[in-house]
Amino acid sequence: MGYILSISLLISCVLLVSWTWRLVYWIWWKPMKLERYLKEQGIRGPPYKLLYGNMKDIFSSLMKEQSKPMNLSHQIAPRVHPFDYETIKKYGKMSLAWFGINPRVNIMDPELIREILSNKFGHYAKLKTNPLTELLATGLVTYEGEKWAKHRRIINPAFHQEKLKRMLPAFSTCCSELISRWEQSVVSQGSSELDVWPELQTLTGDVISRTAFGSNYEEGRRIFQLQTEQAKLLIEAARSVYIPGFRFLPTKKNNRRKEIDREVRALLTGIIKKREKALKLGEADYDDLLGILMESNLKDCQENGNTKTSGLTTEDVIQECKLFYFAGQETTSVLLAWTMVVLSMHPTWQQEAREEILQVFGKNKPDFDGLNHLKIVTMILYEVLRLYPPVTSIIRRTYKRMTLGGIDFPPDVQLSLPILFTHHDPEIWGDDVDEFKPERFSGGVSNATKNQVSFFPFSWGPHICIGQSFALIEAKLALAMILQHFSFELSPTYAHAPYTLITLQPQHGVQIILQKL
């Protein structure tokens with residue numbers, strides 16, 4: 001018996017030592033080794049701190065900046081990412097910060113950004129998602145390799161120009177409802193103060209509900225509301241160190257996340273099953289995103305023999321629908337919000353855009369072909385996207401040893417492509433980088449960037465956002481209809497406070513004084 005106890009004790013000690021060593025290696029030895037290796041190659045940054053890395057300092061600087069608004073200017077980088085701003089200023093453009101135990105290196109050279117985003121051989125992988133993120137959306141944006149290629153191939157038809165043209169009536173209906181609400185608010189006095197930020201969120205949520213689900217519009221609106229709540233819960237979780245397994249604990253927030261996920265899945269499954277039945281009976285309507293996706297999926301299955309590798313499963317379709325909501329609603333709402341802020345700050349450009357719109361459409365509802373001929377409006381939207389990109393950075397990681405720009409990167413190094421800092425880099429854009437100058441884009445994006453990858457608000461290369469045209473057409477239509485009916489200026493109550501809440505948002509809303517034309 002004593003012998004057995006001794007053996008058991010020995011095994012327990014060995015397991016304890018092994019576990020302790022793995023923990024020490026994970027939270028201390030490996031980060032310190034990586035830090036030293038990168039430092040030897042000239043990549044420096046704030047020192048690694050046990051387990052948290054620089055996260056406490058990052059969030060502390062964010063809280064400090066977010067406690068007060070900034071001056072009314074477009075030099076927003078120091079407020080939006082204060083820690084990264086100071087790190088780059090002190091240690092250089094290729095500098096290092098620690099997100100927990102993970103080293104993250106800034107890459108701002110356009111040629112290196114091109115190399116990473118070209119990703120011809122899959123050398124630079126997408127960041128592994130926090131499991132909680134899967135409750136909000138995965139889909140195309142998170143996939144790689146053959147799975148990404150299959151999803152992209154099947155989803156692509158939904159975003160062809162001809163399909164988008166057929167969705168314009170849905171866009172127009174939602175915009176008309178917005179204009180009617182705003183007209184009612186100004187009808188008595190001729191002008192009115194309004195926070196347009198929640199209004200624009202509602203608009204883009206309605207647009208994605210109508211264009212994604214068509215006749216199931218009301219169910220679509222409920223999904224939008226649930227996904228909005230899920231996004232807020234995810235942001236709260238992202239602001240703390242992720243602890244494996246914590247999501248399984250029956251906390252109030254964990255339970256709510258699961259409730260939302262179950263309801264969204266039930267709603268989407270019901271809609272999808274109805275569409276599948278209609279498809280089989282030949283009664284399907286393919287004018288919305290879901291219908292086009294399912295038609296494309298059926299075609300893919302038929303062409304590839306209904307094998308396990310062909311087509312999307314119901315679960316795949318659910319995830320893509322959830323992604324439609326998150327990506328489609330967020331991107332356009334923030335673009336429109338910042339465009340209204342910027343045009344309020346620069347009334348001359350607001351008037352130029354209005355004159356162009358009235359010249360092309362008069363007071364008639366904008367049509368698809370006319371929207372594609374709005375040169376000044378397009379220049380304005382591009383310049384807003386440069387100054388206020390909806391997503392402020394793209395993260396990739398090395399999964400094996402890679403050489404980039406003469407630097408040897410070992411596996412498990414995160415590479416941050418800081419869209420915001422690159423868009424505000426005076427070495428690329430000139431000393432007037434923080435000024436609003438839409439004429440930069442008078443000759444198109446290629447001419448403005450000198451064919452460098454220095455403007456990439458929707459990413460770049462093979463993985464460029466599939467919904468880019470959708471977002472820009474929606475933004476052009478909404479802006480055109482607003483400018484046809486109203487002039488606007490910032491209210492004295494407006495506080496300029498850009499901050500990131502997944503996307504780059506106005507922290508205290510966008511208070512505008514609307515004047516009916």
# chains A, B, ... in the order shown; residues from 1 in each chain; ligands from 1
>>> select_by_dssp(residues="region 403-450 of chain A", states="alpha helix (DSSP H)", output="PyMOL selection string")
chain A and resi 419-423+426-429+445-449
>>> select_by_dssp(residues="region 50-102 of chain A", states="strand (DSSP E)", output="list of chain:residue names")
A:Leu96, A:Ala97, A:Trp98, A:Phe99, A:Asn102
>>> write_last_selection(atoms="C-alpha atoms", output="PDB file, in the first residue's frame")
ATOM      1  CA  LEU A  96       5.783  46.142 -30.894  1.00  0.00           C
ATOM      2  CA  ALA A  97       3.022  45.949 -28.271  1.00  0.00           C
ATOM      3  CA  TRP A  98       1.729  43.055 -26.187  1.00  0.00           C
ATOM      4  CA  PHE A  99      -1.915  41.975 -26.205  1.00  0.00           C
ATOM      5  CA  ASN A 102       0.683  37.801 -27.833  1.00  0.00           C
TER       6      ASN A 102
END
>>> residues_around(residues="Thr314 (chain A)", least_positions_apart="5", cutoff="10 Å", atoms="only C-alpha atoms", output="JSON, numbers by chain")
{"A": [268, 269, 272, 273, 294, 319, 320]}
>>> closest_atom_pairs(of="region 78-140 of chain A", to="region 382-400 of chain A", cutoff="6 Å", atoms="only C-alpha atoms", output="CSV")
residue,atom,partner,partner_atom,distance
A:Tyr124,CA,A:Thr398,CA,5.3
A:Ala125,CA,A:Arg397,CA,5.2
A:Lys126,CA,A:Arg396,CA,4.8
A:Leu127,CA,A:Arg396,CA,5.5
>>> closest_residue(among="A:Leu479, A:Thr403, A:Phe421, A:Gly145", to="Glu115 (chain A)", atoms="only C-alpha atoms")
A:Thr403
>>> atom_distance(atom1="CA of Glu183 (chain A)", atom2="CA of Leu472 (chain A)")
24.5 Å
>>> closest_residue(among="A:Thr332, A:Thr202, A:Gln189, A:Asn106", to="Ile473 (chain A)", atoms="only C-alpha atoms")
A:Thr332
>>> closest_residue(among="A:Ser61, A:Gln225, A:Asn297, A:Gln41", to="Ser95 (chain A)", atoms="only C-alpha atoms")
A:Gln41
